[in-house]
Amino acid sequence: MQYIRLAGISYYNDCRQIRKTTGAVETISSCCYSLLEIFDTSDKSIIVSSINKMYGLCFRAVRQTAGVKATRLLQMRTFRASAVYQQQPFDSSLEKPQFPGASAEFVDQLEFIQPNVISGIPIYRVMDRQGNIINPSQDPQLSKETVLNFYQKMTLLNTMDRILYESQRQGRISFYMTNYGEEGTHIGSAAALDPNDLVFGQYREAGVLMYRGFPLDLFMAQCYANADDLGKGRQMPVHYGSKDLNFVTISSPLATQLPQAAGAAYAVKRENMNRAVICYFGEGAASEGDAHAGFNFSATLECPLIFFCRNNGYAISTPTNEQYRGDGIAARGPGYGMLSIRVDGNDVFAVYNATKEARRRAVAENQPFLIEAMTYRIGHHSTSDDSSAYRSVDEVNYWDKQDHPISRLRHYMMARVWWSEDDERSWRKQSRKMVMEAFEKAEKRLKPNLELLFTDVYDVVTPHLEKQRQAMWRHVQQYKEHYPLDLYEKNSP
């Protein structure tokens, strides 16, 4: 008990400091009362409640009137008091487990825990496959304009995918990955976020960027690695990024974004910025060791982070029944102490509702959430893959024709007379024209200046890098018939 009371006194001292900084007279008076409660009882629950009350009073005073200095004072006190509370002595006379690593009761029967402690984690959905709202209380009540925007972004992404996929097949770009069948997971989640929230993608989240306003011209510039590319032509196609839109540049190695997102979310928490981080990944990436690191760090550090898993059935060619034996990815959340939910990823409203609520609570409560969106990858993994080698055409056709997120939303809109067949034909024609214009522009644009190969790493180019630069230019000049320099920008970087 003495350790907890020490924490209470520490909070009281902080209140005095905040009084000097902010002039919050009511705060110091309330904290005095709470301190008296601590020394007037031996009930641990009352003591802890009083300390929490003191912390809440201090925190509100800081949020209303204080500056960064007082905020950081409370943050540091939170970490110290938490440690004091954890170090409290235990009562060895109680016939309850006192092990520090788990919370449980003793039993006297030998029994192993079954892999599936419940009969399948349920899948939350709002719409059925015909676009009908199942439970009116779950209808997000989005405006007509918002729903139309959802639909147009989903179909525009689909059109861009078709054109760029064919572009790669014609040898115009080196690589591409489509998003067929997963459009609902992108748009539903992106719409539920705040524009300031930080996004860590994998490589199949182009719709998130598109919803945030990333223009077609920049999508094309990145895939063509031309002079307009924000990455200056240094990345593979579909490895997008945008500092202005808070979208961290995609990295090829699988699952590296998970621990990175945990670190970013911890920084956001320390800054007290009313901001969240969302990290997208596939069920295949969840088999990487980095996934464990990301889950565990975010849970133990209590970070405002949403882990968004797109479970699309295949890790390239490996089906889920060869990836894991448990009940999907959502089942792993409780083991890390994370709140988890499984949603119908082909239901854009279910994705929206789940992400919006997870985002609200992640920021308010400083804790991570795990969302598993069940969907299906209709396209090949990438242009380097032929999925007919490991799955049937009938299987793909089912998801394409019977349970597609775009058709489900179209049914919803048409039932409300928000969309018609004429609208569909007109929009398809218009969207294709938009994509083709950006496509043709990107194809004609020059490549980035070759000097950019040596910039953006060191403030001052190092001697060994300068030596490499000179060697490159000698090589290019010696074999200039193989290097059409007229296709590259010549201006200095």
# chains A, B, ... in the order shown; residues from 1 in each chain; ligands from 1
>>> select_by_dssp(residues="region 286-481 of chain A", states="strand (DSSP E)", output="PyMOL selection string")
chain A and resi 305-311+314-315+318-319+339-344+369-374
>>> write_last_selection(atoms="N, CA and C atoms", output="tab-separated table (two decimals), in the first residue's frame")
chain	number	residue	atom	x	y	z
A	305	LEU	N	-2.98	2.53	-32.22
A	305	LEU	CA	-2.64	1.91	-33.51
A	305	LEU	C	-3.73	0.93	-33.93
A	306	ILE	N	-4.10	0.98	-35.20
A	306	ILE	CA	-5.05	0.03	-35.77
A	306	ILE	C	-4.29	-0.90	-36.70
A	307	PHE	N	-4.24	-2.17	-36.36
A	307	PHE	CA	-3.68	-3.18	-37.27
A	307	PHE	C	-4.82	-3.66	-38.16
A	308	PHE	N	-4.67	-3.45	-39.46
A	308	PHE	CA	-5.73	-3.79	-40.41
A	308	PHE	C	-5.24	-4.92	-41.32
A	309	CYS	N	-5.74	-6.12	-41.06
A	309	CYS	CA	-5.31	-7.29	-41.84
A	309	CYS	C	-6.31	-7.56	-42.95
A	310	ARG	N	-5.82	-7.58	-44.18
A	310	ARG	CA	-6.63	-7.99	-45.33
A	310	ARG	C	-6.42	-9.50	-45.53
A	311	ASN	N	-7.32	-10.28	-45.02
A	311	ASN	CA	-7.20	-11.73	-45.18
A	311	ASN	C	-7.89	-12.10	-46.49
A	314	TYR	N	-4.92	-15.91	-49.76
A	314	TYR	CA	-3.66	-16.45	-50.29
A	314	TYR	C	-2.49	-15.54	-49.97
A	315	ALA	N	-1.39	-16.14	-49.55
A	315	ALA	CA	-0.12	-15.45	-49.42
A	315	ALA	C	0.68	-15.80	-50.68
A	318	THR	N	0.24	-19.51	-51.43
A	318	THR	CA	0.00	-20.35	-50.26
A	318	THR	C	-1.38	-20.08	-49.67
A	319	PRO	N	-2.29	-21.05	-49.68
A	319	PRO	CA	-3.62	-20.83	-49.12
A	319	PRO	C	-3.58	-20.76	-47.61
A	339	LEU	N	-7.84	-5.64	-28.36
A	339	LEU	CA	-9.23	-5.79	-28.77
A	339	LEU	C	-9.25	-6.09	-30.27
A	340	SER	N	-10.04	-7.07	-30.67
A	340	SER	CA	-10.03	-7.54	-32.05
A	340	SER	C	-11.44	-7.70	-32.58
A	341	ILE	N	-11.55	-7.61	-33.90
A	341	ILE	CA	-12.84	-7.83	-34.56
A	341	ILE	C	-12.58	-8.40	-35.95
A	342	ARG	N	-13.50	-9.22	-36.40
A	342	ARG	CA	-13.45	-9.76	-37.77
A	342	ARG	C	-14.63	-9.17	-38.53
A	343	VAL	N	-14.36	-8.61	-39.71
A	343	VAL	CA	-15.42	-7.97	-40.49
A	343	VAL	C	-15.47	-8.55	-41.90
A	344	ASP	N	-16.60	-8.35	-42.54
A	344	ASP	CA	-16.77	-8.72	-43.95
A	344	ASP	C	-16.08	-7.63	-44.78
A	369	PHE	N	-5.78	-1.82	-31.73
A	369	PHE	CA	-6.91	-2.64	-32.16
A	369	PHE	C	-6.49	-3.47	-33.37
A	370	LEU	N	-7.06	-4.66	-33.47
A	370	LEU	CA	-6.79	-5.54	-34.60
A	370	LEU	C	-8.09	-5.78	-35.36
A	371	ILE	N	-8.10	-5.41	-36.64
A	371	ILE	CA	-9.24	-5.65	-37.52
A	371	ILE	C	-8.83	-6.66	-38.58
A	372	GLU	N	-9.55	-7.75	-38.66
A	372	GLU	CA	-9.32	-8.73	-39.72
A	372	GLU	C	-10.46	-8.62	-40.72
A	373	ALA	N	-10.16	-8.13	-41.91
A	373	ALA	CA	-11.17	-7.97	-42.96
A	373	ALA	C	-11.11	-9.16	-43.90
A	374	MET	N	-12.16	-9.97	-43.88
A	374	MET	CA	-12.22	-11.16	-44.72
A	374	MET	C	-12.63	-10.77	-46.14
>>> residues_around(residues="region 474-491 of chain A", least_positions_apart="4", cutoff="12 Å", atoms="only C-alpha atoms", output="MDAnalysis selection string")
chainID A and resid 225:228 232:233 443:452 467:470
>>> residues_around(residues="Phe219 (chain A)", least_positions_apart="5", cutoff="9 Å", atoms="only C-alpha atoms", output="ChimeraX atom specification")
/A:206,210,214,224,229,238,240,438
>>> select_by_dssp(residues="region 278-398 of chain A", states="alpha helix (DSSP H)", output="ChimeraX atom specification")
/A:289-300,333-336,348-365,393-398
>>> residues_around(residues="Ala291 (chain A)", least_positions_apart="4", cutoff="12 Å", atoms="only C-alpha atoms", output="PyMOL selection string")
chain A and resi 254-262+279-287+295-298+307-309+329+332-333+336+370
>>> residues_around(residues="region 320-328 of chain A", least_positions_apart="2", cutoff="7 Å", atoms="only C-alpha atoms", output="list of chain:residue names")
A:Pro115, A:Asn116, A:Gly120, A:Gly313, A:Tyr314, A:Thr318, A:Ala330, A:Ala331
>>> residues_around(residues="Arg129 (chain A)", least_positions_apart="6", cutoff="12 Å", atoms="only C-alpha atoms", output="VMD selection string")
chain A and resid 344 to 348 399 401 to 412
>>> write_last_selection(atoms="all heavy atoms", output="compact mmCIF listing (two decimals), in the first residue's frame")
# COMPACT_ATOMS: atom_id res chain seq x y z
N ASP A 344 -16.60 -8.35 -42.54
CA ASP A 344 -16.77 -8.72 -43.95
C ASP A 344 -16.08 -7.63 -44.78
O ASP A 344 -16.60 -6.52 -44.90
CB ASP A 344 -18.26 -8.81 -44.27
CG ASP A 344 -18.53 -9.24 -45.71
OD1 ASP A 344 -17.59 -9.24 -46.53
OD2 ASP A 344 -19.69 -9.59 -46.02
N GLY A 345 -14.94 -7.95 -45.32
CA GLY A 345 -14.18 -6.97 -46.08
C GLY A 345 -14.82 -6.58 -47.40
O GLY A 345 -14.41 -5.58 -48.02
N ASN A 346 -15.81 -7.34 -47.85
CA ASN A 346 -16.52 -6.99 -49.08
C ASN A 346 -17.73 -6.10 -48.80
O ASN A 346 -18.46 -5.75 -49.73
CB ASN A 346 -16.98 -8.26 -49.80
CG ASN A 346 -15.79 -9.06 -50.33
OD1 ASN A 346 -14.68 -8.55 -50.42
ND2 ASN A 346 -16.02 -10.32 -50.65
N ASP A 347 -17.91 -5.74 -47.55
CA ASP A 347 -18.98 -4.84 -47.12
C ASP A 347 -18.32 -3.53 -46.69
O ASP A 347 -17.77 -3.43 -45.59
CB ASP A 347 -19.74 -5.49 -45.96
CG ASP A 347 -20.85 -4.62 -45.39
OD1 ASP A 347 -20.95 -3.44 -45.78
OD2 ASP A 347 -21.62 -5.12 -44.55
N VAL A 348 -18.37 -2.54 -47.56
CA VAL A 348 -17.66 -1.29 -47.30
C VAL A 348 -18.19 -0.59 -46.05
O VAL A 348 -17.43 0.08 -45.33
CB VAL A 348 -17.72 -0.35 -48.53
CG1 VAL A 348 -19.14 0.15 -48.78
CG2 VAL A 348 -16.75 0.80 -48.41
N TRP A 399 -16.24 -15.31 -56.60
CA TRP A 399 -16.02 -14.06 -55.88
C TRP A 399 -16.17 -12.85 -56.80
O TRP A 399 -16.62 -11.78 -56.37
CB TRP A 399 -14.64 -14.06 -55.24
CG TRP A 399 -14.55 -15.07 -54.13
CD1 TRP A 399 -14.02 -16.32 -54.20
CD2 TRP A 399 -15.04 -14.91 -52.80
NE1 TRP A 399 -14.14 -16.96 -52.99
CE2 TRP A 399 -14.77 -16.12 -52.11
CE3 TRP A 399 -15.68 -13.88 -52.11
CZ2 TRP A 399 -15.11 -16.31 -50.78
CZ3 TRP A 399 -16.02 -14.07 -50.79
CH2 TRP A 399 -15.74 -15.27 -50.13
N LYS A 401 -18.19 -12.63 -59.47
CA LYS A 401 -19.58 -12.45 -59.92
C LYS A 401 -20.60 -12.44 -58.79
O LYS A 401 -21.63 -11.77 -58.89
CB LYS A 401 -19.95 -13.55 -60.92
CG LYS A 401 -18.99 -13.70 -62.09
CD LYS A 401 -18.92 -12.44 -62.94
CE LYS A 401 -17.99 -12.64 -64.14
NZ LYS A 401 -17.82 -11.38 -64.92
N GLN A 402 -20.35 -13.17 -57.71
CA GLN A 402 -21.36 -13.36 -56.68
C GLN A 402 -21.15 -12.53 -55.41
O GLN A 402 -22.11 -12.25 -54.71
CB GLN A 402 -21.43 -14.85 -56.29
CG GLN A 402 -21.72 -15.78 -57.43
CD GLN A 402 -23.09 -15.55 -58.05
OE1 GLN A 402 -24.04 -15.24 -57.36
NE2 GLN A 402 -23.17 -15.69 -59.37
N ASP A 403 -19.91 -12.16 -55.11
CA ASP A 403 -19.67 -11.50 -53.82
C ASP A 403 -18.57 -10.44 -53.96
O ASP A 403 -17.55 -10.49 -53.29
CB ASP A 403 -19.29 -12.53 -52.75
CG ASP A 403 -19.42 -11.96 -51.34
OD1 ASP A 403 -19.92 -10.82 -51.21
OD2 ASP A 403 -19.03 -12.63 -50.38
N HIS A 404 -18.80 -9.49 -54.84
CA HIS A 404 -17.82 -8.45 -55.10
C HIS A 404 -18.21 -7.18 -54.35
O HIS A 404 -19.38 -6.80 -54.33
CB HIS A 404 -17.74 -8.17 -56.60
CG HIS A 404 -16.49 -7.47 -57.03
ND1 HIS A 404 -16.22 -6.16 -56.70
CD2 HIS A 404 -15.43 -7.90 -57.76
CE1 HIS A 404 -15.05 -5.81 -57.21
NE2 HIS A 404 -14.54 -6.85 -57.85
N PRO A 405 -17.26 -6.49 -53.71
CA PRO A 405 -17.61 -5.28 -52.94
C PRO A 405 -18.21 -4.17 -53.79
O PRO A 405 -19.06 -3.41 -53.31
CB PRO A 405 -16.27 -4.86 -52.32
CG PRO A 405 -15.22 -5.52 -53.15
CD PRO A 405 -15.82 -6.80 -53.60
N ILE A 406 -17.79 -4.08 -55.05
CA ILE A 406 -18.32 -3.03 -55.92
C ILE A 406 -19.78 -3.31 -56.28
O ILE A 406 -20.63 -2.41 -56.20
CB ILE A 406 -17.45 -2.88 -57.18
CG1 ILE A 406 -16.08 -2.30 -56.80
CG2 ILE A 406 -18.14 -1.99 -58.22
CD1 ILE A 406 -15.12 -2.17 -57.98
N SER A 407 -20.09 -4.53 -56.66
CA SER A 407 -21.47 -4.86 -57.02
C SER A 407 -22.39 -4.76 -55.81
O SER A 407 -23.56 -4.35 -55.92
CB SER A 407 -21.55 -6.26 -57.64
OG SER A 407 -21.10 -7.24 -56.72
N ARG A 408 -21.89 -5.10 -54.63
CA ARG A 408 -22.72 -5.00 -53.43
C ARG A 408 -23.10 -3.55 -53.15
O ARG A 408 -24.26 -3.26 -52.85
CB ARG A 408 -21.99 -5.59 -52.22
CG ARG A 408 -22.89 -5.75 -51.01
CD ARG A 408 -22.16 -6.26 -49.78
NE ARG A 408 -21.54 -7.56 -49.95
CZ ARG A 408 -21.10 -8.31 -48.95
NH1 ARG A 408 -21.25 -7.89 -47.69
NH2 ARG A 408 -20.53 -9.47 -49.17
N LEU A 409 -22.15 -2.65 -53.27
CA LEU A 409 -22.45 -1.24 -53.04
C LEU A 409 -23.35 -0.69 -54.15
O LEU A 409 -24.23 0.16 -53.88
CB LEU A 409 -21.16 -0.43 -52.96
CG LEU A 409 -21.32 1.05 -52.59
CD1 LEU A 409 -22.03 1.21 -51.24
CD2 LEU A 409 -19.96 1.76 -52.57
N ARG A 410 -23.15 -1.17 -55.38
CA ARG A 410 -24.02 -0.72 -56.47
C ARG A 410 -25.48 -1.13 -56.21
O ARG A 410 -26.40 -0.34 -56.45
CB ARG A 410 -23.53 -1.27 -57.80
CG ARG A 410 -24.34 -0.78 -59.00
CD ARG A 410 -23.68 -1.06 -60.33
NE ARG A 410 -23.49 -2.49 -60.56
CZ ARG A 410 -22.30 -3.09 -60.61
NH1 ARG A 410 -21.19 -2.39 -60.46
NH2 ARG A 410 -22.21 -4.39 -60.84
N HIS A 411 -25.70 -2.34 -55.72
CA HIS A 411 -27.05 -2.78 -55.38
C HIS A 411 -27.67 -1.84 -54.34
O HIS A 411 -28.86 -1.48 -54.44
CB HIS A 411 -27.03 -4.21 -54.82
CG HIS A 411 -26.70 -5.25 -55.84
ND1 HIS A 411 -27.17 -5.21 -57.14
CD2 HIS A 411 -25.95 -6.40 -55.75
CE1 HIS A 411 -26.72 -6.26 -57.80
NE2 HIS A 411 -25.99 -7.00 -56.98
N TYR A 412 -26.89 -1.47 -53.34
CA TYR A 412 -27.37 -0.57 -52.29
C TYR A 412 -27.80 0.77 -52.88
O TYR A 412 -28.87 1.30 -52.55
CB TYR A 412 -26.25 -0.37 -51.25
CG TYR A 412 -26.55 0.67 -50.19
CD1 TYR A 412 -27.20 0.31 -49.01
CD2 TYR A 412 -26.16 2.00 -50.37
CE1 TYR A 412 -27.47 1.26 -48.03
CE2 TYR A 412 -26.43 2.95 -49.39
CZ TYR A 412 -27.08 2.58 -48.23
OH TYR A 412 -27.34 3.53 -47.26
>>> closest_atom_pairs(of="region 306-363 of chain A", to="region 132-148 of chain A", cutoff="10 Å", atoms="only C-alpha atoms", output="CSV")
residue,atom,partner,partner_atom,distance
A:Val348,CA,A:Val147,CA,9.8
A:Phe349,CA,A:Pro140,CA,6.9
A:Ala350,CA,A:Gln138,CA,8.4
A:Tyr352,CA,A:Pro140,CA,8.2
A:Asn353,CA,A:Pro140,CA,6.9
>>> atom_distance(atom1="CA of Leu209 (chain A)", atom2="CA of Phe247 (chain A)")
7.3 Å
>>> residues_around(residues="Val396 (chain A)", least_positions_apart="4", cutoff="12 Å", atoms="only C-alpha atoms", output="ChimeraX atom specification")
/A:180-181,312-313,376-380,387-388,390-392,400-404
